[in-house]
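Heads up, run-v3.pdb below (PDB, C-alpha atoms, pLDDT in the B column):
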ATOM      1  CA  VAL A   1      35.260  -6.876 -10.112  1.00 73.00           C
ATOM      2  CA  THR A   2      34.776  -3.291 -11.312  1.00 71.00           C
ATOM      3  CA  LYS A   3      34.205  -1.439  -8.026  1.00 75.00           C
ATOM      4  CA  ILE A   4      35.423  -1.746  -4.435  1.00 81.00           C
ATOM      5  CA  GLY A   5      33.882   0.396  -1.711  1.00 80.00           C
ATOM      6  CA  GLU A   6      35.902   2.324   0.853  1.00 79.00           C
ATOM      7  CA  GLY A   7      36.728   0.418   4.026  1.00 80.00           C
ATOM      8  CA  VAL A   8      35.745  -2.963   2.609  1.00 83.00           C
ATOM      9  CA  PHE A   9      37.300  -5.824   4.668  1.00 86.00           C
ATOM     10  CA  SER A  10      38.535  -3.268   7.243  1.00 82.00           C
ATOM     11  CA  SER A  11      37.141  -5.327  10.137  1.00 81.00           C
ATOM     12  CA  CYS A  12      38.632  -8.625   8.964  1.00 88.00           C
ATOM     13  CA  ASP A  13      41.282  -8.775  11.671  1.00 88.00           C
ATOM     14  CA  LYS A  14      42.906 -11.973  10.370  1.00 91.00           C
ATOM     15  CA  LEU A  15      43.435 -10.610   6.870  1.00 93.00           C
ATOM     16  CA  GLU A  16      47.126  -9.776   6.289  1.00 94.00           C
ATOM     17  CA  TYR A  17      47.505  -9.472   2.515  1.00 95.00           C
ATOM     18  CA  PHE A  18      45.619  -8.577  -0.639  1.00 95.00           C
ATOM     19  CA  TYR A  19      46.325  -9.971  -4.085  1.00 95.00           C
ATOM     20  CA  GLY A  20      45.140  -9.199  -7.579  1.00 92.00           C
ATOM     21  CA  LYS A  21      44.251  -6.171  -9.674  1.00 91.00           C
ATOM     22  CA  PHE A  22      43.609  -3.721  -6.827  1.00 93.00           C
ATOM     23  CA  ALA A  23      46.380  -4.812  -4.447  1.00 95.00           C
ATOM     24  CA  SER A  24      49.217  -2.418  -3.619  1.00 96.00           C
ATOM     25  CA  ASN A  25      52.755  -3.403  -4.544  1.00 95.00           C
ATOM     26  CA  ASP A  26      53.391  -4.551  -0.977  1.00 96.00           C
ATOM     27  CA  ASN A  27      50.026  -6.387  -0.870  1.00 97.00           C
ATOM     28  CA  ARG A  28      48.999  -4.526   2.286  1.00 96.00           C
ATOM     29  CA  CYS A  29      46.283  -2.342   0.757  1.00 95.00           C
ATOM     30  CA  LEU A  30      43.436  -2.273  -1.711  1.00 95.00           C
ATOM     31  CA  ILE A  31      43.835   0.686  -4.042  1.00 95.00           C
ATOM     32  CA  VAL A  32      41.292   1.938  -6.560  1.00 93.00           C
ATOM     33  CA  GLY A  33      42.661   4.682  -8.787  1.00 93.00           C
ATOM     34  CA  ASN A  34      44.341   7.144  -6.425  1.00 96.00           C
ATOM     35  CA  THR A  35      42.312   6.101  -3.382  1.00 96.00           C
ATOM     36  CA  LEU A  36      43.654   3.801  -0.685  1.00 96.00           C
ATOM     37  CA  ASN A  37      40.431   1.964   0.161  1.00 95.00           C
ATOM     38  CA  THR A  38      41.515  -0.488   2.827  1.00 95.00           C
ATOM     39  CA  TYR A  39      44.588  -1.508   4.772  1.00 96.00           C
ATOM     40  CA  ALA A  40      44.879  -5.186   5.732  1.00 95.00           C
ATOM     41  CA  ALA A  41      43.394  -5.239   9.227  1.00 92.00           C
ATOM     42  CA  GLY A  42      45.370  -8.325  10.241  1.00 93.00           C
ATOM     43  CA  SER A  43      48.755  -6.830   9.362  1.00 94.00           C
ATOM     44  CA  THR A  44      51.050  -6.613  12.386  1.00 95.00           C
ATOM     45  CA  LEU A  45      53.335  -3.929  10.934  1.00 96.00           C
ATOM     46  CA  VAL A  46      54.012  -1.152  13.445  1.00 97.00           C
ATOM     47  CA  SER A  47      54.893   1.458  10.806  1.00 97.00           C
ATOM     48  CA  TYR A  48      53.609   2.074   7.327  1.00 97.00           C
ATOM     49  CA  THR A  49      54.182   4.517   4.466  1.00 97.00           C
ATOM     50  CA  ILE A  50      51.258   5.490   2.260  1.00 97.00           C
ATOM     51  CA  PRO A  51      52.116   4.769  -1.423  1.00 95.00           C
ATOM     52  CA  GLU A  52      53.273   7.920  -3.204  1.00 92.00           C
ATOM     53  CA  HIS A  53      50.555   8.142  -5.874  1.00 95.00           C
ATOM     54  CA  ILE A  54      47.704   8.153  -3.335  1.00 98.00           C
ATOM     55  CA  THR A  55      45.600  11.328  -3.098  1.00 98.00           C
ATOM     56  CA  ILE A  56      42.761  10.028  -0.872  1.00 98.00           C
ATOM     57  CA  ILE A  57      42.855   7.780   2.177  1.00 97.00           C
ATOM     58  CA  GLY A  58      39.406   6.243   2.137  1.00 96.00           C
ATOM     59  CA  GLY A  59      36.868   6.073   4.912  1.00 96.00           C
ATOM     60  CA  ASN A  60      37.630   3.492   7.626  1.00 95.00           C
ATOM     61  CA  ALA A  61      40.777   2.402   5.780  1.00 95.00           C
ATOM     62  CA  PHE A  62      42.858   1.792   8.936  1.00 96.00           C
ATOM     63  CA  GLN A  63      40.118   1.634  11.552  1.00 94.00           C
ATOM     64  CA  HIS A  64      40.526  -0.453  14.724  1.00 93.00           C
ATOM     65  CA  ASN A  65      44.203  -1.218  14.064  1.00 93.00           C
ATOM     66  CA  ASP A  66      45.999  -1.946  17.333  1.00 92.00           C
ATOM     67  CA  TYR A  67      49.468  -2.483  15.831  1.00 94.00           C
ATOM     68  CA  ILE A  68      50.331   0.687  13.932  1.00 95.00           C
ATOM     69  CA  THR A  69      52.347   3.213  15.914  1.00 97.00           C
ATOM     70  CA  SER A  70      53.689   5.297  13.030  1.00 97.00           C
ATOM     71  CA  ILE A  71      52.234   6.378   9.673  1.00 96.00           C
ATOM     72  CA  THR A  72      54.015   8.333   6.945  1.00 96.00           C
ATOM     73  CA  ILE A  73      51.367  10.150   4.946  1.00 97.00           C
ATOM     74  CA  THR A  74      53.081  11.163   1.737  1.00 96.00           C
ATOM     75  CA  GLU A  75      52.810  14.500  -0.066  1.00 97.00           C
ATOM     76  CA  GLY A  76      49.995  14.433  -2.585  1.00 98.00           C
ATOM     77  CA  VAL A  77      47.329  13.201  -0.168  1.00 98.00           C
ATOM     78  CA  THR A  78      44.549  15.814  -0.183  1.00 98.00           C
ATOM     79  CA  LYS A  79      41.831  14.032   1.777  1.00 98.00           C
ATOM     80  CA  ILE A  80      41.645  11.719   4.783  1.00 98.00           C
ATOM     81  CA  GLY A  81      38.207  10.124   4.772  1.00 97.00           C
ATOM     82  CA  ASP A  82      35.684   9.614   7.551  1.00 97.00           C
ATOM     83  CA  GLY A  83      36.967   7.220  10.187  1.00 97.00           C
ATOM     84  CA  ALA A  84      40.176   6.554   8.244  1.00 97.00           C
ATOM     85  CA  PHE A  85      42.224   6.072  11.422  1.00 97.00           C
ATOM     86  CA  LEU A  86      39.311   5.617  13.806  1.00 96.00           C
ATOM     87  CA  ASN A  87      40.245   3.823  17.028  1.00 96.00           C
ATOM     88  CA  THR A  88      43.969   3.365  16.385  1.00 95.00           C
ATOM     89  CA  PRO A  89      45.024   3.811  20.027  1.00 95.00           C
ATOM     90  CA  ASN A  90      48.726   3.116  19.520  1.00 96.00           C
ATOM     91  CA  LEU A  91      49.161   5.501  16.582  1.00 96.00           C
ATOM     92  CA  ARG A  92      51.452   8.134  18.079  1.00 95.00           C
ATOM     93  CA  ASN A  93      53.628   9.355  15.218  1.00 95.00           C
ATOM     94  CA  TYR A  94      52.346  10.822  11.998  1.00 93.00           C
ATOM     95  CA  THR A  95      52.976  13.952   9.977  1.00 90.00           C
ATOM     96  CA  LEU A  96      50.177  15.421   7.930  1.00 95.00           C
ATOM     97  CA  PRO A  97      51.386  16.505   4.457  1.00 97.00           C
ATOM     98  CA  ASN A  98      51.296  20.070   3.171  1.00 98.00           C
ATOM     99  CA  SER A  99      48.991  18.900   0.383  1.00 98.00           C
ATOM    100  CA  LEU A 100      46.195  17.889   2.800  1.00 98.00           C
ATOM    101  CA  GLU A 101      42.923  19.844   2.470  1.00 98.00           C
ATOM    102  CA  THR A 102      40.200  17.772   4.141  1.00 98.00           C
ATOM    103  CA  ILE A 103      40.086  15.725   7.358  1.00 98.00           C
ATOM    104  CA  GLY A 104      36.883  13.690   7.595  1.00 98.00           C
ATOM    105  CA  SER A 105      34.598  13.036  10.530  1.00 98.00           C
ATOM    106  CA  ARG A 106      36.163  10.825  13.202  1.00 97.00           C
ATOM    107  CA  ALA A 107      39.232  10.515  10.991  1.00 98.00           C
ATOM    108  CA  PHE A 108      41.583  10.254  13.985  1.00 97.00           C
ATOM    109  CA  TRP A 109      39.045   9.368  16.685  1.00 97.00           C
ATOM    110  CA  VAL A 110      41.164   7.819  19.470  1.00 95.00           C
ATOM    111  CA  ASN A 111      44.903   7.881  18.813  1.00 94.00           C
ATOM    112  CA  GLY A 112      48.037   8.661  20.787  1.00 94.00           C
ATOM    113  CA  ALA A 113      49.528  11.741  19.087  1.00 95.00           C
ATOM    114  CA  LYS A 114      50.662  14.578  21.378  1.00 95.00           C
ATOM    115  CA  ASN A 115      51.444  17.325  18.876  1.00 96.00           C
ATOM    116  CA  ILE A 116      49.642  17.751  15.547  1.00 95.00           C
ATOM    117  CA  LYS A 117      50.601  20.281  12.901  1.00 93.00           C
ATOM    118  CA  LEU A 118      48.085  20.927  10.170  1.00 96.00           C
ATOM    119  CA  GLY A 119      49.503  21.884   6.784  1.00 96.00           C
ATOM    120  CA  PRO A 120      48.892  25.226   5.034  1.00 97.00           C
ATOM    121  CA  LYS A 121      46.052  23.954   2.811  1.00 98.00           C
ATOM    122  CA  VAL A 122      43.736  22.329   5.375  1.00 98.00           C
ATOM    123  CA  LYS A 123      40.247  23.786   4.917  1.00 98.00           C
ATOM    124  CA  SER A 124      38.008  21.532   6.987  1.00 98.00           C
ATOM    125  CA  ILE A 125      38.099  19.300  10.051  1.00 98.00           C
ATOM    126  CA  GLY A 126      35.145  16.941  10.359  1.00 98.00           C
ATOM    127  CA  VAL A 127      32.815  16.189  13.253  1.00 97.00           C
ATOM    128  CA  GLU A 128      34.700  14.470  16.125  1.00 97.00           C
ATOM    129  CA  ALA A 129      37.774  14.235  13.898  1.00 97.00           C
ATOM    130  CA  PHE A 130      40.171  14.183  16.873  1.00 97.00           C
ATOM    131  CA  ALA A 131      37.698  13.279  19.614  1.00 96.00           C
ATOM    132  CA  ASN A 132      38.941  11.108  22.478  1.00 96.00           C
ATOM    133  CA  CYS A 133      42.594  11.761  21.598  1.00 96.00           C
ATOM    134  CA  THR A 134      43.486  11.943  25.261  1.00 95.00           C
ATOM    135  CA  SER A 135      47.243  12.346  24.686  1.00 96.00           C
ATOM    136  CA  LEU A 136      46.860  15.395  22.450  1.00 96.00           C
ATOM    137  CA  GLU A 137      48.484  18.488  23.967  1.00 96.00           C
ATOM    138  CA  LYS A 138      49.001  20.895  21.073  1.00 95.00           C
ATOM    139  CA  ILE A 139      47.626  21.558  17.601  1.00 95.00           C
ATOM    140  CA  ASN A 140      48.018  24.386  15.127  1.00 96.00           C
ATOM    141  CA  PHE A 141      45.332  25.823  12.853  1.00 97.00           C
ATOM    142  CA  PRO A 142      46.531  27.314   9.537  1.00 98.00           C
ATOM    143  CA  ALA A 143      45.200  30.416   7.797  1.00 98.00           C
ATOM    144  CA  SER A 144      43.340  28.193   5.326  1.00 98.00           C
ATOM    145  CA  LEU A 145      41.125  26.514   7.969  1.00 98.00           C
ATOM    146  CA  GLN A 146      37.508  27.616   7.562  1.00 97.00           C
ATOM    147  CA  ASP A 147      35.384  24.786   8.957  1.00 97.00           C
ATOM    148  CA  ILE A 148      35.764  22.969  12.294  1.00 97.00           C
ATOM    149  CA  GLY A 149      33.111  20.305  12.827  1.00 96.00           C
ATOM    150  CA  ASN A 150      31.102  19.962  16.020  1.00 93.00           C
ATOM    151  CA  MET A 151      32.959  18.260  18.875  1.00 94.00           C
ATOM    152  CA  ALA A 152      36.061  17.906  16.721  1.00 96.00           C
ATOM    153  CA  PHE A 153      38.202  17.874  19.892  1.00 95.00           C
ATOM    154  CA  ARG A 154      35.729  16.372  22.342  1.00 93.00           C
ATOM    155  CA  ARG A 155      37.315  14.710  25.368  1.00 93.00           C
ATOM    156  CA  THR A 156      40.858  15.744  24.513  1.00 95.00           C
ATOM    157  CA  TRP A 157      41.539  16.076  28.221  1.00 94.00           C
ATOM    158  CA  ASN A 158      45.190  17.100  27.862  1.00 95.00           C
ATOM    159  CA  LEU A 159      44.778  19.668  25.103  1.00 95.00           C
ATOM    160  CA  GLN A 160      46.303  22.900  26.317  1.00 93.00           C
ATOM    161  CA  ASP A 161      47.645  24.832  23.355  1.00 93.00           C
ATOM    162  CA  ILE A 162      45.908  25.725  20.093  1.00 94.00           C
ATOM    163  CA  VAL A 163      48.014  27.904  17.807  1.00 94.00           C
ATOM    164  CA  LEU A 164      45.855  29.830  15.343  1.00 96.00           C
ATOM    165  CA  ALA A 165      47.546  31.485  12.374  1.00 97.00           C
ATOM    166  CA  THR A 166      47.324  35.240  12.840  1.00 95.00           C
ATOM    167  CA  ASP A 167      46.109  35.695   9.267  1.00 97.00           C
ATOM    168  CA  ASN A 168      43.234  33.207   9.552  1.00 97.00           C
ATOM    169  CA  PRO A 169      40.106  35.200   8.526  1.00 97.00           C
ATOM    170  CA  TYR A 170      37.569  32.632   9.770  1.00 97.00           C
ATOM    171  CA  TYR A 171      38.368  32.310  13.481  1.00 97.00           C
ATOM    172  CA  GLU A 172      39.625  34.394  16.393  1.00 94.00           C
ATOM    173  CA  GLU A 173      41.767  33.287  19.324  1.00 93.00           C
ATOM    174  CA  ILE A 174      41.488  35.039  22.694  1.00 90.00           C
ATOM    175  CA  ASP A 175      43.334  33.669  25.738  1.00 87.00           C
ATOM    176  CA  GLY A 176      43.690  30.282  24.080  1.00 88.00           C
ATOM    177  CA  ILE A 177      39.982  29.967  23.271  1.00 90.00           C
ATOM    178  CA  ILE A 178      38.869  29.713  19.649  1.00 93.00           C
ATOM    179  CA  TYR A 179      35.856  31.747  18.548  1.00 92.00           C
ATOM    180  CA  ASN A 180      34.193  32.248  15.204  1.00 91.00           C
ATOM    181  CA  GLU A 181      35.097  35.242  13.075  1.00 92.00           C
ATOM    182  CA  ASP A 182      32.804  37.776  14.750  1.00 89.00           C
ATOM    183  CA  ILE A 183      33.276  36.332  18.256  1.00 88.00           C
ATOM    184  CA  THR A 184      29.647  35.278  18.675  1.00 86.00           C
ATOM    185  CA  LYS A 185      30.336  31.572  19.058  1.00 86.00           C
ATOM    186  CA  VAL A 186      32.794  29.615  21.205  1.00 86.00           C
ATOM    187  CA  ILE A 187      34.258  26.877  19.005  1.00 91.00           C
ATOM    188  CA  ILE A 188      36.895  25.248  21.246  1.00 91.00           C
ATOM    189  CA  SER A 189      38.063  25.818  24.784  1.00 88.00           C
ATOM    190  CA  PRO A 190      41.025  23.514  25.487  1.00 91.00           C
ATOM    191  CA  ALA A 191      40.514  21.294  28.535  1.00 87.00           C
ATOM    192  CA  LYS A 192      43.853  22.315  30.037  1.00 85.00           C
ATOM    193  CA  ASN A 193      43.720  25.983  29.179  1.00 79.00           C
ATOM    194  CA  PRO A 194      45.491  27.699  32.100  1.00 69.00           C
ATOM    195  CA  ILE A 195      42.890  30.480  32.016  1.00 66.00           C
ATOM    196  CA  THR A 196      40.530  29.715  34.907  1.00 54.00           C
ATOM    197  CA  GLU A 197      38.059  32.515  34.283  1.00 58.00           C
ATOM    198  CA  PHE A 198      36.869  34.353  31.223  1.00 58.00           C
ATOM    199  CA  PHE A 199      34.013  36.692  30.483  1.00 54.00           C
ATOM    200  CA  ILE A 200      31.205  35.870  28.089  1.00 58.00           C
ATOM    201  CA  SER A 201      29.000  38.722  27.000  1.00 55.00           C
ATOM    202  CA  PHE A 202      25.579  37.181  26.506  1.00 53.00           C
ATOM    203  CA  SER A 203      24.630  40.172  24.391  1.00 51.00           C
ATOM    204  CA  VAL A 204      27.236  39.011  21.891  1.00 54.00           C
ATOM    205  CA  ILE A 205      27.734  35.255  22.308  1.00 53.00           C
ATOM    206  CA  LYS A 206      24.972  33.359  20.504  1.00 53.00           C
ATOM    207  CA  SER A 207      26.231  29.790  20.673  1.00 51.00           C
ATOM    208  CA  VAL A 208      28.705  27.609  22.528  1.00 51.00           C
ATOM    209  CA  ILE A 209      29.780  24.662  20.417  1.00 48.00           C
ATOM    210  CA  LEU A 210      32.401  23.042  22.603  1.00 46.00           C
ATOM    211  CA  LEU A 211      33.359  24.289  26.027  1.00 43.00           C
ATOM    212  CA  TRP A 212      35.867  22.460  28.236  1.00 46.00           C
ATOM    213  CA  ASN A 213      35.642  19.418  25.961  1.00 49.00           C
ATOM    214  CA  ILE A 214      32.702  17.855  27.780  1.00 48.00           C
TER     215      ILE A 214
END

Do you think you could lay out the structure here as structure tokens?
Amino acid sequence: VTKIGEGVFSSCDKLEYFYGKFASNDNRCLIVGNTLNTYAAGSTLVSYTIPEHITIIGGNAFQHNDYITSITITEGVTKIGDGAFLNTPNLRNYTLPNSLETIGSRAFWVNGAKNIKLGPKVKSIGVEAFANCTSLEKINFPASLQDIGNMAFRRTWNLQDIVLATDNPYYEEIDGIIYNEDITKVIISPAKNPITEFFISFSVIKSVILLWNI
């Protein structure tokens, strides 16, 4: 075997261990180079720590895991791939490392976190990255963030507070609503924003990407 694709075996819900050349030291993951490709879908561990040398968590690596409640994502991880933690409904506790730069599409689609803090190097959040995270109440956006994918926070019914770094040059926050840099596009309006009315100038606003998380 010379190559293993990301997410391979991720739907094998009886598979608890990996062995051989690409197995992690604890036999819970397949690792190729510095990429964690797949976590054993049948593992019943409730907490897990990403091995320290990992820089990429591959696409669909932990998808559909019903057991994990806590993940420690170690410093050095720069990318979380598409669907990496897709549909992990019991995942409530995780801290994103300061080294993280990219969060893929649907990376955390459906999980139980309430408060998410993005590190100072995050540049992009993929399409529907945090969609259907119905427990999410607060998230911060760092100065480095320059790309928020469509519907990234779709159906986050309890999202109330988005904290945007004051020195972020790519977005503007007004009354809890996130706009693009020149305030011509509504990017996110939190579902539980206490503001009940706001004015949109149709001579200025050109596009509404996500309003009230419909």

Result set, the PyMOL selection byres ((chain A and resi 36-45) around 8) on current file, as a count of residues only: 38

The PyMOL selection byres ((chain A and resi 90-95) around 9) applied to the shown file, residues as a ChimeraX atom specification: /A:46,65-74,85,87-89,96-97,110-114,116-118,135

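Coordinates place CA of Gly81 (chain A) at a distance of 25.4 Å from CA of Ser189 (chain A).
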
Selection near region 143-152 of chain A, 10 Å with only C-alpha atoms, sequence-local residues under 5 positions removed, as a count of residues only: 41

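Atom pair CA of Glu137 (chain A) / CA of Ser99 (chain A): separated by 23.6 Å.
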
To verify the selection step, state as a short mmCIF file (atom, residue, chain, number, x, y, z; two decimals) with C-alpha atoms, in the coordinates of the input which residues the PyMOL selection byres ((chain A and resi 157) around 10) yields on this input.
data_model
loop_
_atom_site.label_atom_id
_atom_site.label_comp_id
_atom_site.auth_asym_id
_atom_site.auth_seq_id
_atom_site.Cartn_x
_atom_site.Cartn_y
_atom_site.Cartn_z
CA ALA A 131 37.70 13.28 19.61
CA ASN A 132 38.94 11.11 22.48
CA CYS A 133 42.59 11.76 21.60
CA THR A 134 43.49 11.94 25.26
CA SER A 135 47.24 12.35 24.69
CA LEU A 136 46.86 15.40 22.45
CA GLU A 137 48.48 18.49 23.97
CA PHE A 153 38.20 17.87 19.89
CA ARG A 154 35.73 16.37 22.34
CA ARG A 155 37.32 14.71 25.37
CA THR A 156 40.86 15.74 24.51
CA ASN A 158 45.19 17.10 27.86
CA LEU A 159 44.78 19.67 25.10
CA GLN A 160 46.30 22.90 26.32
CA PRO A 190 41.02 23.51 25.49
CA ALA A 191 40.51 21.29 28.54
CA LYS A 192 43.85 22.32 30.04
CA TRP A 212 35.87 22.46 28.24
CA ASN A 213 35.64 19.42 25.96
CA ILE A 214 32.70 17.86 27.78
#

Specify the axis-aligned box that encloses all atoms of region 100-114 of chain A listed in the file after padding of 8 Å on each side, stating its centre and edge lengths in Å to one decimal as lines of an AutoDock Vina configuration file.
center_x = 42.6
center_y = 13.8
center_z = 11.9
size_x = 32.1
size_y = 28.0
size_z = 34.9

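Distance check against Asp26 (chain A) using all atoms listed in the file: of A:Ile139, A:Asn98, A:Thr49, A:Glu172, the minimum falls on A:Thr49.
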
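Take CA of Asp82 (chain A) and CA of Ile50 (chain A): the distance between them is 17.0 Å.
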
Render region 87-104 of chain A from the structure in the preceding block as a file of N, CA and C atoms, as an mmCIF file, in the first residue's frame.
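Dumped everything to selection_26.cif:
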data_model
loop_
_atom_site.group_PDB
_atom_site.id
_atom_site.type_symbol
_atom_site.label_atom_id
_atom_site.label_comp_id
_atom_site.auth_asym_id
_atom_site.auth_seq_id
_atom_site.Cartn_x
_atom_site.Cartn_y
_atom_site.Cartn_z
ATOM 1 N N ASN A 87 -21.504 15.603 11.587
ATOM 2 C CA ASN A 87 -22.490 14.786 12.306
ATOM 3 C C ASN A 87 -21.875 14.043 13.497
ATOM 4 N N THR A 88 -21.279 14.832 14.395
ATOM 5 C CA THR A 88 -20.793 14.304 15.679
ATOM 6 C C THR A 88 -21.618 14.992 16.768
ATOM 7 N N PRO A 89 -22.865 14.566 16.949
ATOM 8 C CA PRO A 89 -23.829 15.317 17.761
ATOM 9 C C PRO A 89 -23.475 15.457 19.228
ATOM 10 N N ASN A 90 -22.651 14.563 19.748
ATOM 11 C CA ASN A 90 -22.300 14.619 21.170
ATOM 12 C C ASN A 90 -20.972 15.332 21.433
ATOM 13 N N LEU A 91 -20.330 15.805 20.379
ATOM 14 C CA LEU A 91 -19.071 16.537 20.539
ATOM 15 C C LEU A 91 -19.370 17.942 21.069
ATOM 16 N N ARG A 92 -19.066 18.142 22.340
ATOM 17 C CA ARG A 92 -19.403 19.408 23.003
ATOM 18 C C ARG A 92 -18.179 20.212 23.403
ATOM 19 N N ASN A 93 -17.056 19.536 23.607
ATOM 20 C CA ASN A 93 -15.867 20.219 24.122
ATOM 21 C C ASN A 93 -14.687 20.056 23.176
ATOM 22 N N TYR A 94 -14.250 21.158 22.621
ATOM 23 C CA TYR A 94 -13.032 21.157 21.831
ATOM 24 C C TYR A 94 -12.492 22.579 21.761
ATOM 25 N N THR A 95 -11.177 22.664 21.734
ATOM 26 C CA THR A 95 -10.502 23.954 21.614
ATOM 27 C C THR A 95 -9.720 23.954 20.318
ATOM 28 N N LEU A 96 -9.952 24.954 19.502
ATOM 29 C CA LEU A 96 -9.241 25.044 18.237
ATOM 30 C C LEU A 96 -7.882 25.695 18.482
ATOM 31 N N PRO A 97 -6.794 25.115 17.955
ATOM 32 C CA PRO A 97 -5.449 25.609 18.261
ATOM 33 C C PRO A 97 -5.142 26.943 17.581
ATOM 34 N N ASN A 98 -4.189 27.655 18.131
ATOM 35 C CA ASN A 98 -3.772 28.935 17.556
ATOM 36 C C ASN A 98 -3.129 28.781 16.186
ATOM 37 N N SER A 99 -2.683 27.571 15.878
ATOM 38 C CA SER A 99 -2.028 27.314 14.593
ATOM 39 C C SER A 99 -3.023 27.146 13.440
ATOM 40 N N LEU A 100 -4.303 26.959 13.751
ATOM 41 C CA LEU A 100 -5.309 26.632 12.734
ATOM 42 C C LEU A 100 -5.520 27.785 11.753
ATOM 43 N N GLU A 101 -5.544 27.460 10.446
ATOM 44 C CA GLU A 101 -5.742 28.455 9.399
ATOM 45 C C GLU A 101 -6.999 28.213 8.570
ATOM 46 N N THR A 102 -7.350 26.944 8.365
ATOM 47 C CA THR A 102 -8.446 26.613 7.452
ATOM 48 C C THR A 102 -9.423 25.640 8.091
ATOM 49 N N ILE A 103 -10.722 25.966 8.001
ATOM 50 C CA ILE A 103 -11.792 25.076 8.453
ATOM 51 C C ILE A 103 -12.617 24.730 7.225
ATOM 52 N N GLY A 104 -12.655 23.469 6.854
ATOM 53 C CA GLY A 104 -13.290 23.044 5.611
ATOM 54 C C GLY A 104 -14.803 23.078 5.649
#
